[in-house]
Amino acid sequence: MTMTVELDVVVGEPRRWALDPVLSVEHVSMRFGGLVAVNDLTFQAGRGDITALIGPNGAGKTTVFNCITGFYKPTQGMLNLRHASGETFLLERMPDHKISAKARVARTFQNIRLFSGMTILENLLVAQHNPLMLASGMTILGVLGLPSYKRAEKEAIEKAKFWLEKTGLTARADDPAGDLPYGAQRRLEIARAMCTEPQLLCLDEPAAGLNPRESAELNTLLLDIRAMGQTSLLLIEHDMSVVMEISDHVVVLEYGVKISDGTPDEVRNDPRVIAAYLGVDDEEVAEVEEVLDEISEETAR
Ligand SMILES: Nc1ncnc2c1ncn2[C@@H]1O[C@H](COP(=O)(O)OP(=O)(O)OP(=O)(O)O)[C@@H](O)[C@H]1O
């Protein structure tokens, strides 16, 4: 099996994220009838990196996520997920439940999907259903008496407590998830995904609808997850301040085709990216330009 390794255009050496990719997307295409939503897409997400997938509306970003998480089977191409242990998984050949349980890919959605009637703690415990059921031996007697179940239950509670702390939700642990403000619900979704100890966490527009304070809290949480070193992050995001502030690597799509791929600095100066964004609404262009100006000023200082 040959892999495409991206080279630095200037020095001709492999890009940093190509040296140890957690995810290699190889020539992936996704067609819906006559519409090519993703066209021959190749990129790598580096282990331990925050990789952002950006592009105007309809560029194919969610379709890529759906291919990675098994919701769609790509029409063509390969999606290779490699654990830190070296174990590899061809995601395009796996059903979605195995992609989450075995390949350990977790995901959050554009629209929050919590169990809103359950408490915050319960949401975090339900996420750990798989290891708990295994420890029970899949029997009611196991649930009632097996020491392995008691141990797994204790670990699940410890893990939930850890993520409650990290997301600032400890004081609300017993409240229904649906009672949380929007930004806190977004953090809870991430906490729930992290309770499954993913190798790759895919976040679909995590900053959508957040106010500036909530957006800053989200950045801190995502940088914290990266610093822990166990989980690599892949995010779709329209909020350019989030993308530019926390990403190590940015991949840009337009009409299903990759038009740029590099560090935030490289991508923001790429004329193809600027042109693609000039094709979208004024508000977003102004936002891109504002962020570019801010970063240029900071660099000049
Ligand atoms: N199940 C589907 N059937 C038909 N067309 C689809 C399907 N899913 C996506 N598409 C089309 O594929 C293209 C890419 O859509 P996608 O949702 O992946 O874009 P996106 O970059 O995530 O957009 P946005 O930023 O608006 O969420 C669009 O033209 C969309 O209408």
# chains A, B, ... in the order shown; residues from 1 in each chain; ligands from 1
>>> closest_atom_pairs(of="chain A", to="ligand 1", cutoff="9 Å", atoms="only C-alpha atoms and all ligand atoms", output="tab-separated table")
residue	atom	partner	partner_atom_place_in_ligand_line	distance
A:Met30	CA	ligand 1	12 (O)	8.5
A:Arg31	CA	ligand 1	5 (N)	8.0
A:Phe32	CA	ligand 1	4 (C)	5.0
A:Gly33	CA	ligand 1	4 (C)	7.5
A:Leu35	CA	ligand 1	5 (N)	6.8
A:Val36	CA	ligand 1	12 (O)	7.1
A:Ala37	CA	ligand 1	12 (O)	4.2
A:Val38	CA	ligand 1	14 (C)	7.2
A:Leu53	CA	ligand 1	21 (O)	8.9
A:Ile54	CA	ligand 1	21 (O)	7.6
A:Gly55	CA	ligand 1	21 (O)	6.2
A:Pro56	CA	ligand 1	25 (O)	5.9
A:Asn57	CA	ligand 1	26 (O)	3.6
A:Gly58	CA	ligand 1	19 (O)	3.4
A:Ala59	CA	ligand 1	21 (O)	3.7
A:Gly60	CA	ligand 1	18 (O)	3.2
A:Lys61	CA	ligand 1	21 (O)	3.8
A:Thr62	CA	ligand 1	22 (O)	3.6
A:Thr63	CA	ligand 1	18 (O)	3.7
A:Val64	CA	ligand 1	18 (O)	6.6
A:Phe65	CA	ligand 1	18 (O)	8.0
A:Asn66	CA	ligand 1	18 (O)	8.2
A:Tyr72	CA	ligand 1	1 (N)	8.5
A:Gln110	CA	ligand 1	27 (O)	8.1
A:Asp204	CA	ligand 1	27 (O)	8.6
A:Glu205	CA	ligand 1	27 (O)	8.5
A:Ile236	CA	ligand 1	22 (O)	7.9
A:Glu237	CA	ligand 1	25 (O)	8.1
A:His238	CA	ligand 1	25 (O)	7.3
A:Leu253	CA	ligand 1	21 (O)	7.6
A:Glu254	CA	ligand 1	21 (O)	7.9
A:Tyr255	CA	ligand 1	14 (C)	7.4
A:Gly256	CA	ligand 1	14 (C)	6.9
>>> write_last_selection(atoms="C-alpha atoms", output="PDB file, in the first residue's frame")
ATOM      1  CA  MET A  30     -17.735  11.236  -2.812  1.00  0.00           C
ATOM      2  CA  ARG A  31     -20.445  11.534  -5.443  1.00  0.00           C
ATOM      3  CA  PHE A  32     -24.158  11.983  -4.884  1.00  0.00           C
ATOM      4  CA  GLY A  33     -25.665  11.130  -8.295  1.00  0.00           C
ATOM      5  CA  LEU A  35     -22.827  15.933  -7.852  1.00  0.00           C
ATOM      6  CA  VAL A  36     -19.177  15.514  -6.868  1.00  0.00           C
ATOM      7  CA  ALA A  37     -19.169  16.692  -3.241  1.00  0.00           C
ATOM      8  CA  VAL A  38     -15.534  15.676  -2.624  1.00  0.00           C
ATOM      9  CA  LEU A  53     -10.745  21.757   7.581  1.00  0.00           C
ATOM     10  CA  ILE A  54     -12.114  25.041   6.249  1.00  0.00           C
ATOM     11  CA  GLY A  55     -13.866  26.318   3.147  1.00  0.00           C
ATOM     12  CA  PRO A  56     -16.968  28.197   2.028  1.00  0.00           C
ATOM     13  CA  ASN A  57     -20.463  26.743   2.497  1.00  0.00           C
ATOM     14  CA  GLY A  58     -21.033  23.584   0.478  1.00  0.00           C
ATOM     15  CA  ALA A  59     -17.285  22.972   0.005  1.00  0.00           C
ATOM     16  CA  GLY A  60     -17.608  19.350   1.150  1.00  0.00           C
ATOM     17  CA  LYS A  61     -16.267  19.564   4.728  1.00  0.00           C
ATOM     18  CA  THR A  62     -19.135  17.710   6.436  1.00  0.00           C
ATOM     19  CA  THR A  63     -19.079  15.100   3.680  1.00  0.00           C
ATOM     20  CA  VAL A  64     -15.403  14.440   4.508  1.00  0.00           C
ATOM     21  CA  PHE A  65     -16.339  14.036   8.204  1.00  0.00           C
ATOM     22  CA  ASN A  66     -19.153  11.679   7.239  1.00  0.00           C
ATOM     23  CA  TYR A  72     -20.942   7.596   4.158  1.00  0.00           C
ATOM     24  CA  GLN A 110     -23.055  20.867  14.017  1.00  0.00           C
ATOM     25  CA  ASP A 204     -18.013  19.878  13.419  1.00  0.00           C
ATOM     26  CA  GLU A 205     -18.153  23.656  13.928  1.00  0.00           C
ATOM     27  CA  ILE A 236     -14.453  22.038  10.720  1.00  0.00           C
ATOM     28  CA  GLU A 237     -14.758  25.683  11.623  1.00  0.00           C
ATOM     29  CA  HIS A 238     -16.040  28.883  10.053  1.00  0.00           C
ATOM     30  CA  LEU A 253     -11.630  22.991   0.358  1.00  0.00           C
ATOM     31  CA  GLU A 254     -13.634  24.701  -2.344  1.00  0.00           C
ATOM     32  CA  TYR A 255     -16.273  22.863  -4.406  1.00  0.00           C
ATOM     33  CA  GLY A 256     -14.941  19.543  -3.063  1.00  0.00           C
TER      34      GLY A 256
END
>>> select_by_dssp(residues="stretch 36-271 of chain A", states="strand (DSSP E or B)", output="compact mmCIF listing (two decimals) with C-alpha atoms, in the first residue's frame")
# COMPACT_ATOMS: atom_id res chain seq x y z
CA VAL A 36 -19.18 15.51 -6.87
CA ALA A 37 -19.17 16.69 -3.24
CA VAL A 38 -15.53 15.68 -2.62
CA ASN A 39 -13.13 15.30 -5.52
CA ASP A 40 -9.85 13.34 -5.24
CA LEU A 41 -9.01 14.71 -1.80
CA THR A 42 -5.66 13.86 -0.23
CA PHE A 43 -4.35 15.24 3.06
CA GLN A 44 -2.80 14.11 6.32
CA ALA A 45 -3.65 15.05 9.90
CA GLY A 46 -0.58 14.88 12.11
CA ILE A 50 -5.09 20.36 15.72
CA THR A 51 -5.96 20.19 12.02
CA ALA A 52 -8.67 22.49 10.66
CA LEU A 53 -10.75 21.76 7.58
CA ILE A 54 -12.11 25.04 6.25
CA GLN A 76 -13.38 6.19 -4.18
CA GLY A 77 -10.21 6.43 -2.12
CA MET A 78 -8.79 5.35 1.22
CA LEU A 79 -8.97 6.66 4.78
CA ASN A 80 -6.17 5.28 6.89
CA LEU A 81 -6.25 5.77 10.68
CA ARG A 82 -3.09 4.85 12.58
CA THR A 88 -3.86 0.75 11.39
CA PHE A 89 -7.49 0.81 10.29
CA LEU A 90 -8.91 1.29 6.79
CA VAL A 105 -12.66 8.00 16.21
CA ALA A 106 -15.14 10.24 18.07
CA ARG A 107 -17.26 13.02 16.69
CA THR A 108 -19.40 15.97 17.65
CA THR A 119 -27.99 14.77 33.96
CA PRO A 176 -30.22 18.03 33.28
CA LEU A 200 -8.97 11.21 16.72
CA LEU A 201 -11.70 13.65 17.72
CA CYS A 202 -13.65 15.23 14.85
CA LEU A 203 -15.43 18.45 15.81
CA ASP A 204 -18.01 19.88 13.42
CA SER A 232 -5.47 14.39 17.77
CA LEU A 233 -8.11 16.90 16.71
CA LEU A 234 -9.70 17.52 13.34
CA LEU A 235 -12.15 20.39 13.19
CA ILE A 236 -14.45 22.04 10.72
CA HIS A 249 -2.35 22.77 10.13
CA VAL A 250 -5.15 24.00 7.88
CA VAL A 251 -6.67 22.27 4.84
CA VAL A 252 -8.88 24.38 2.59
CA LEU A 253 -11.63 22.99 0.36
CA GLU A 254 -13.63 24.70 -2.34
CA VAL A 257 -11.37 20.21 -4.20
CA LYS A 258 -8.39 20.98 -1.96
CA ILE A 259 -7.12 24.45 -2.85
CA SER A 260 -4.60 24.96 -0.04
CA ASP A 261 -2.87 22.98 2.70
CA GLY A 262 -0.32 24.34 5.14
>>> select_by_dssp(residues="stretch 80-250 of chain A", states="helix (DSSP H, G or I)", output="compact mmCIF listing (two decimals) with N, CA and C atoms, in the first residue's frame")
# COMPACT_ATOMS: atom_id res chain seq x y z
N LEU A 91 -10.61 2.91 7.31
CA LEU A 91 -11.94 3.33 7.76
C LEU A 91 -13.02 3.11 6.70
N GLU A 92 -12.64 3.24 5.43
CA GLU A 92 -13.66 3.11 4.38
C GLU A 92 -14.21 1.68 4.30
N ARG A 93 -13.54 0.75 4.98
CA ARG A 93 -14.01 -0.65 4.94
C ARG A 93 -14.72 -1.05 6.23
N ASP A 96 -19.72 2.02 10.87
CA ASP A 96 -19.49 3.18 11.75
C ASP A 96 -19.28 2.81 13.23
N HIS A 97 -20.00 1.76 13.73
CA HIS A 97 -19.83 1.45 15.16
C HIS A 97 -18.42 0.93 15.45
N LYS A 98 -17.80 0.27 14.45
CA LYS A 98 -16.42 -0.20 14.67
C LYS A 98 -15.44 0.97 14.56
N ILE A 99 -15.78 1.96 13.72
CA ILE A 99 -14.90 3.13 13.61
C ILE A 99 -14.82 3.83 14.96
N SER A 100 -15.95 3.90 15.68
CA SER A 100 -15.87 4.54 17.00
C SER A 100 -15.27 3.58 18.04
N ALA A 101 -15.68 2.31 18.05
CA ALA A 101 -15.23 1.41 19.13
C ALA A 101 -13.81 0.90 18.93
N ILE A 120 -25.90 15.82 33.53
CA ILE A 120 -24.60 15.99 32.88
C ILE A 120 -23.71 14.78 33.18
N LEU A 121 -23.70 14.35 34.44
CA LEU A 121 -22.90 13.17 34.82
C LEU A 121 -23.38 11.93 34.06
N GLU A 122 -24.70 11.77 33.97
CA GLU A 122 -25.23 10.59 33.25
C GLU A 122 -24.79 10.59 31.79
N ASN A 123 -24.78 11.78 31.17
CA ASN A 123 -24.32 11.86 29.79
C ASN A 123 -22.90 11.33 29.66
N LEU A 124 -22.06 11.64 30.65
CA LEU A 124 -20.66 11.21 30.58
C LEU A 124 -20.52 9.72 30.88
N LEU A 125 -21.43 9.17 31.68
CA LEU A 125 -21.37 7.73 32.00
C LEU A 125 -21.91 6.89 30.83
N VAL A 126 -22.97 7.40 30.19
CA VAL A 126 -23.54 6.67 29.05
C VAL A 126 -22.48 6.53 27.94
N HIS A 129 -20.49 3.35 28.05
CA HIS A 129 -21.31 2.15 28.06
C HIS A 129 -20.52 0.90 27.60
N ASN A 130 -19.71 1.05 26.53
CA ASN A 130 -19.02 -0.13 25.97
C ASN A 130 -18.09 -0.81 26.96
N PRO A 131 -17.12 -0.08 27.57
CA PRO A 131 -16.25 -0.76 28.52
C PRO A 131 -17.01 -1.32 29.73
N LEU A 132 -18.08 -0.60 30.13
CA LEU A 132 -18.86 -1.09 31.29
C LEU A 132 -19.56 -2.41 30.95
N MET A 133 -20.14 -2.49 29.76
CA MET A 133 -20.84 -3.72 29.37
C MET A 133 -19.87 -4.88 29.24
N LEU A 134 -18.68 -4.59 28.67
CA LEU A 134 -17.68 -5.66 28.55
C LEU A 134 -17.30 -6.19 29.92
N ALA A 135 -17.11 -5.25 30.88
CA ALA A 135 -16.70 -5.65 32.24
C ALA A 135 -17.79 -6.44 32.95
N ILE A 140 -26.63 -9.72 33.86
CA ILE A 140 -27.13 -8.95 34.99
C ILE A 140 -26.36 -9.34 36.25
N LEU A 141 -25.96 -10.63 36.33
CA LEU A 141 -25.18 -11.06 37.50
C LEU A 141 -23.84 -10.32 37.53
N GLY A 142 -23.30 -10.13 36.31
CA GLY A 142 -22.03 -9.39 36.20
C GLY A 142 -22.19 -7.98 36.72
N VAL A 143 -23.29 -7.34 36.32
CA VAL A 143 -23.54 -5.96 36.77
C VAL A 143 -23.67 -5.92 38.29
N LEU A 144 -24.33 -6.96 38.85
CA LEU A 144 -24.58 -6.95 40.29
C LEU A 144 -23.37 -7.36 41.12
N GLY A 145 -22.54 -8.28 40.56
CA GLY A 145 -21.52 -8.82 41.45
C GLY A 145 -20.09 -8.88 40.98
N PRO A 147 -16.34 -8.31 40.25
CA PRO A 147 -15.39 -7.27 40.66
C PRO A 147 -14.94 -6.44 39.45
N SER A 148 -14.83 -7.09 38.27
CA SER A 148 -14.38 -6.34 37.08
C SER A 148 -15.38 -5.22 36.77
N TYR A 149 -16.67 -5.45 37.00
CA TYR A 149 -17.67 -4.43 36.73
C TYR A 149 -17.53 -3.28 37.73
N LYS A 150 -17.35 -3.66 39.01
CA LYS A 150 -17.21 -2.61 40.05
C LYS A 150 -16.01 -1.71 39.73
N ARG A 151 -14.90 -2.37 39.29
CA ARG A 151 -13.69 -1.62 38.97
C ARG A 151 -13.96 -0.69 37.78
N ALA A 152 -14.58 -1.24 36.73
CA ALA A 152 -14.85 -0.45 35.52
C ALA A 152 -15.79 0.72 35.84
N GLU A 153 -16.76 0.46 36.75
CA GLU A 153 -17.71 1.50 37.12
C GLU A 153 -16.99 2.65 37.83
N LYS A 154 -16.05 2.26 38.72
CA LYS A 154 -15.29 3.28 39.46
C LYS A 154 -14.44 4.12 38.48
N GLU A 155 -13.82 3.41 37.54
CA GLU A 155 -12.99 4.12 36.55
C GLU A 155 -13.84 5.07 35.70
N ALA A 156 -15.05 4.61 35.34
CA ALA A 156 -15.94 5.45 34.51
C ALA A 156 -16.31 6.72 35.27
N ILE A 157 -16.57 6.58 36.57
CA ILE A 157 -16.94 7.76 37.38
C ILE A 157 -15.74 8.70 37.50
N GLU A 158 -14.55 8.11 37.72
CA GLU A 158 -13.33 8.94 37.82
C GLU A 158 -13.11 9.73 36.52
N LYS A 159 -13.28 9.05 35.40
CA LYS A 159 -13.07 9.71 34.10
C LYS A 159 -14.10 10.82 33.90
N ALA A 160 -15.35 10.54 34.27
CA ALA A 160 -16.39 11.56 34.15
C ALA A 160 -16.04 12.77 35.01
N LYS A 161 -15.56 12.50 36.25
CA LYS A 161 -15.21 13.61 37.15
C LYS A 161 -14.07 14.45 36.56
N PHE A 162 -13.09 13.75 35.97
CA PHE A 162 -11.95 14.44 35.36
C PHE A 162 -12.44 15.42 34.28
N TRP A 163 -13.35 14.94 33.40
CA TRP A 163 -13.80 15.79 32.30
C TRP A 163 -14.79 16.86 32.76
N LEU A 164 -15.49 16.59 33.87
CA LEU A 164 -16.34 17.64 34.45
C LEU A 164 -15.46 18.80 34.91
N GLU A 165 -14.34 18.46 35.55
CA GLU A 165 -13.39 19.49 36.01
C GLU A 165 -12.85 20.28 34.83
N LYS A 166 -12.37 19.54 33.83
CA LYS A 166 -11.72 20.16 32.66
C LYS A 166 -12.66 21.12 31.94
N THR A 170 -18.35 20.78 36.95
CA THR A 170 -18.51 19.97 38.17
C THR A 170 -19.73 20.41 38.99
N ALA A 171 -19.89 21.72 39.16
CA ALA A 171 -20.98 22.22 40.01
C ALA A 171 -22.36 21.91 39.42
N ARG A 172 -22.41 21.63 38.11
CA ARG A 172 -23.71 21.37 37.46
C ARG A 172 -23.93 19.89 37.19
N ALA A 177 -28.81 17.99 31.30
CA ALA A 177 -27.92 18.59 30.29
C ALA A 177 -28.63 19.70 29.52
N GLY A 178 -29.95 19.52 29.31
CA GLY A 178 -30.72 20.50 28.54
C GLY A 178 -30.83 21.86 29.23
N ASP A 179 -30.53 21.91 30.55
CA ASP A 179 -30.62 23.18 31.29
C ASP A 179 -29.36 24.04 31.14
N TYR A 182 -25.86 27.35 26.13
CA TYR A 182 -25.41 26.76 24.87
C TYR A 182 -23.90 26.43 24.86
N GLY A 183 -23.08 27.38 25.30
CA GLY A 183 -21.62 27.17 25.26
C GLY A 183 -21.21 25.99 26.14
N ALA A 184 -21.87 25.85 27.30
CA ALA A 184 -21.55 24.76 28.21
C ALA A 184 -22.00 23.42 27.62
N GLN A 185 -23.11 23.43 26.88
CA GLN A 185 -23.56 22.19 26.22
C GLN A 185 -22.52 21.74 25.19
N ARG A 186 -21.93 22.73 24.49
CA ARG A 186 -20.89 22.40 23.50
C ARG A 186 -19.69 21.75 24.20
N ARG A 187 -19.32 22.31 25.38
CA ARG A 187 -18.17 21.74 26.11
C ARG A 187 -18.51 20.34 26.61
N LEU A 188 -19.78 20.16 27.04
CA LEU A 188 -20.20 18.84 27.53
C LEU A 188 -20.12 17.80 26.40
N GLU A 189 -20.49 18.20 25.19
CA GLU A 189 -20.39 17.28 24.05
C GLU A 189 -18.95 16.82 23.86
N ILE A 190 -18.03 17.78 24.00
CA ILE A 190 -16.61 17.44 23.83
C ILE A 190 -16.16 16.52 24.97
N ALA A 191 -16.62 16.84 26.20
CA ALA A 191 -16.27 16.00 27.35
C ALA A 191 -16.79 14.58 27.14
N ARG A 192 -18.00 14.48 26.64
CA ARG A 192 -18.60 13.16 26.41
C ARG A 192 -17.77 12.38 25.38
N ALA A 193 -17.35 13.05 24.31
CA ALA A 193 -16.52 12.38 23.30
C ALA A 193 -15.18 11.98 23.91
N MET A 194 -14.61 12.83 24.77
CA MET A 194 -13.29 12.53 25.36
C MET A 194 -13.35 11.36 26.33
N PRO A 212 -17.96 35.54 22.40
CA PRO A 212 -16.49 35.60 22.46
C PRO A 212 -15.91 34.93 23.70
N ARG A 213 -16.58 35.05 24.86
CA ARG A 213 -16.05 34.42 26.08
C ARG A 213 -16.10 32.90 25.96
N GLU A 214 -17.25 32.39 25.47
CA GLU A 214 -17.39 30.94 25.31
C GLU A 214 -16.40 30.41 24.27
N SER A 215 -16.17 31.22 23.23
CA SER A 215 -15.25 30.82 22.17
C SER A 215 -13.82 30.73 22.73
N ALA A 216 -13.46 31.67 23.60
CA ALA A 216 -12.13 31.64 24.24
C ALA A 216 -12.01 30.41 25.14
N GLU A 217 -13.10 30.08 25.88
CA GLU A 217 -13.09 28.88 26.74
C GLU A 217 -12.91 27.62 25.91
N LEU A 218 -13.55 27.62 24.75
CA LEU A 218 -13.44 26.46 23.86
C LEU A 218 -11.98 26.30 23.39
N ASN A 219 -11.37 27.43 22.98
CA ASN A 219 -9.97 27.36 22.54
C ASN A 219 -9.09 26.77 23.63
N THR A 220 -9.31 27.23 24.88
CA THR A 220 -8.51 26.74 26.00
C THR A 220 -8.70 25.23 26.16
N LEU A 221 -9.96 24.79 26.07
CA LEU A 221 -10.25 23.36 26.23
C LEU A 221 -9.56 22.54 25.12
N LEU A 222 -9.64 23.02 23.88
CA LEU A 222 -9.06 22.25 22.77
C LEU A 222 -7.53 22.22 22.88
N LEU A 223 -6.94 23.34 23.30
CA LEU A 223 -5.48 23.37 23.47
C LEU A 223 -5.06 22.45 24.62
N ASP A 224 -5.91 22.38 25.64
CA ASP A 224 -5.67 21.49 26.78
C ASP A 224 -5.66 20.03 26.34
N ILE A 225 -6.64 19.69 25.51
CA ILE A 225 -6.74 18.31 24.99
C ILE A 225 -5.48 18.00 24.18
N ARG A 226 -5.07 18.95 23.36
CA ARG A 226 -3.87 18.72 22.56
C ARG A 226 -2.66 18.50 23.47
N ALA A 227 -2.57 19.34 24.52
CA ALA A 227 -1.41 19.25 25.43
C ALA A 227 -1.35 17.90 26.15
N MET A 228 -2.50 17.26 26.35
CA MET A 228 -2.50 15.95 27.02
C MET A 228 -1.86 14.88 26.13
N MET A 240 -12.81 32.14 11.90
CA MET A 240 -11.40 32.23 11.53
C MET A 240 -10.48 32.52 12.72
N SER A 241 -11.03 33.21 13.76
CA SER A 241 -10.15 33.50 14.89
C SER A 241 -9.80 32.19 15.60
N VAL A 242 -10.76 31.26 15.69
CA VAL A 242 -10.49 29.95 16.30
C VAL A 242 -9.47 29.20 15.44
N VAL A 243 -9.72 29.17 14.13
CA VAL A 243 -8.84 28.41 13.22
C VAL A 243 -7.41 28.93 13.31
N MET A 244 -7.26 30.24 13.20
CA MET A 244 -5.92 30.81 13.15
C MET A 244 -5.21 30.74 14.50
N GLU A 245 -5.97 30.81 15.58
CA GLU A 245 -5.33 30.82 16.91
C GLU A 245 -4.86 29.46 17.36
N ILE A 246 -5.64 28.41 17.05
CA ILE A 246 -5.30 27.13 17.70
C ILE A 246 -4.83 26.03 16.74
>>> atom_distance(atom1="atom CA of A:Gln199", atom2="atom CA of A:Ala103")
7.7 Å
